[in-house]
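Remarks on the structure that follows.
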Amino acid sequence: MSNFSSRFKSARQAAGVSISQIAKQLDVSPQSVYGWETGAMPKGDRLERLAEYLGVDLHWLAFGESSAVTIRDENGDLAVPLLDTLTVAGPNETESSGRVMSFLRLDPVWARGHLRITNTKRVAMIAVTGDSMAPTLQNGNMVIVDTAISVIDAEAIYVVRFGTADFIKRFQRLPSGKLLMISDNSFYKEIEIDPVTDQFKVLGRAVYVWQGQSLY
């Protein structure tokens, strides 16, 4: 399995550009670019510009064929991946692909103080589509998700796969062992789910909406 350094070197050579050319294009030192070929990971915004300049897929450059995880960049900050169409909060369901669109750069000290997460490597960010979770989550809001959470053990907002679609909803556990999937928008009806027999999987717990509001 290739690592970032080998993928970067391969993409650079395929594009026919030198380390100095990349340094000039991204306005960094040649030493920084050399470091990327020897193990360092660029900051998220540089990684995005690098993929665009080399003409390669951002997800492939950062992770190869593996699933996206939060990474530590060359400055020691957290680079949280923004995934494409992971959840749909409304009637128009779509499959999730889990591809990286960009990165959110977080100070680790801020993250420890503001995010109730299990593992800093198991964090992702998603964009909400639809109005079923309004006013808590609005269409287009960015939500940080703790993807290490795989069970619903308390009332909170979770990202789940139900059937063939992904949702971000509030969940309550009923005395019967079943779950109640709730939309904060009262226009949408509650749905009772049997997690044992229904096609149901917990993908993570929403912990923060990127509007400065903690969700858990």
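Residue numbers start at 1 in each chain; chains themselves are named A, B, ... in the order of the structure tokens; ligands are numbered from 1 in the order shown.
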
Give the helix (DSSP H, G or I) residues of region 103-207 of chain A, as DSSP finds them on the backbone, and put them as a list in words.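 DSSP on the backbone gives helix (DSSP H, G or I) at Pro108, Val109, Trp110, Ala111, Arg112, Gly113 and His114 of chain A.
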
In Å to one decimal, how far is CA of Asp45 (chain A) from CA of Tyr208 (chain A)?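 Separation between CA of Tyr208 (chain A) and CA of Asp45 (chain A): 21.3 Å.
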
Contact check, region 97-204 of chain A to region 68-83 of chain A, at most 9 Å, counting only C-alpha atoms, closest pairs as JSON lines:
```
{"residue": "A:Ser97", "atom": "CA", "partner": "A:Leu83", "partner_atom": "CA", "distance": 8.1}
{"residue": "A:Gly98", "atom": "CA", "partner": "A:Leu83", "partner_atom": "CA", "distance": 5.3}
{"residue": "A:Arg99", "atom": "CA", "partner": "A:Leu83", "partner_atom": "CA", "distance": 5.3}
{"residue": "A:Val100", "atom": "CA", "partner": "A:Leu83", "partner_atom": "CA", "distance": 4.7}
{"residue": "A:Met101", "atom": "CA", "partner": "A:Leu82", "partner_atom": "CA", "distance": 5.6}
{"residue": "A:Ser102", "atom": "CA", "partner": "A:Leu82", "partner_atom": "CA", "distance": 5.3}
{"residue": "A:Phe103", "atom": "CA", "partner": "A:Pro81", "partner_atom": "CA", "distance": 4.5}
{"residue": "A:Leu104", "atom": "CA", "partner": "A:Val80", "partner_atom": "CA", "distance": 5.0}
{"residue": "A:Arg105", "atom": "CA", "partner": "A:Ala79", "partner_atom": "CA", "distance": 4.7}
{"residue": "A:Leu106", "atom": "CA", "partner": "A:Leu78", "partner_atom": "CA", "distance": 5.0}
{"residue": "A:Asp107", "atom": "CA", "partner": "A:Asp77", "partner_atom": "CA", "distance": 5.3}
{"residue": "A:Pro108", "atom": "CA", "partner": "A:Asp77", "partner_atom": "CA", "distance": 6.0}
{"residue": "A:Ala111", "atom": "CA", "partner": "A:Leu78", "partner_atom": "CA", "distance": 8.6}
{"residue": "A:Thr120", "atom": "CA", "partner": "A:Thr70", "partner_atom": "CA", "distance": 6.7}
{"residue": "A:Lys121", "atom": "CA", "partner": "A:Thr70", "partner_atom": "CA", "distance": 4.6}
{"residue": "A:Arg122", "atom": "CA", "partner": "A:Val69", "partner_atom": "CA", "distance": 5.8}
{"residue": "A:Val123", "atom": "CA", "partner": "A:Thr70", "partner_atom": "CA", "distance": 5.8}
{"residue": "A:Ala124", "atom": "CA", "partner": "A:Pro81", "partner_atom": "CA", "distance": 5.3}
{"residue": "A:Met125", "atom": "CA", "partner": "A:Leu82", "partner_atom": "CA", "distance": 4.6}
{"residue": "A:Ile126", "atom": "CA", "partner": "A:Leu83", "partner_atom": "CA", "distance": 5.5}
{"residue": "A:Ala127", "atom": "CA", "partner": "A:Leu83", "partner_atom": "CA", "distance": 7.8}
{"residue": "A:Met142", "atom": "CA", "partner": "A:Leu82", "partner_atom": "CA", "distance": 8.5}
{"residue": "A:Ile144", "atom": "CA", "partner": "A:Val80", "partner_atom": "CA", "distance": 8.6}
```

Nearest to Thr164 (chain A) by atom-to-atom distance, counting only C-alpha atoms, from A:Tyr34, A:Ala14, A:Gln199, A:Ala40: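 Comparing A:Tyr34, A:Ala14, A:Gln199, A:Ala40 against Thr164 (chain A), the winner is A:Gln199.
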
Excluding Gly55 (chain A) and its own-chain neighbours fewer than 4 positions away, which residues fall within 9 Å of it when counting only C-alpha atoms? Please give them as a count of residues only. 4

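In this model, the gap between CA of Asp146 (chain A) and CA of Asn119 (chain A) comes to 7.8 Å.
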
Could you tell me how far CA of Ser186 (chain A) lies from CA of Tyr158 (chain A), in Å and to one decimal?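 These two atoms are separated by 17.9 Å.
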
Option closest in space to Phe4 (chain A), from A:Asn141, A:Thr197, A:Thr38, A:Ser150 [counting only C-alpha atoms]: A:Thr38

From a DSSP pass on the backbone, collect the residues of region 24-205 of chain A flagged as strand (DSSP E) and hand them back as a PyMOL selection string. chain A and resi 71-72+78-83+100-106+123-127+142-146+156-162+165-173+179-182+191-193+200-205
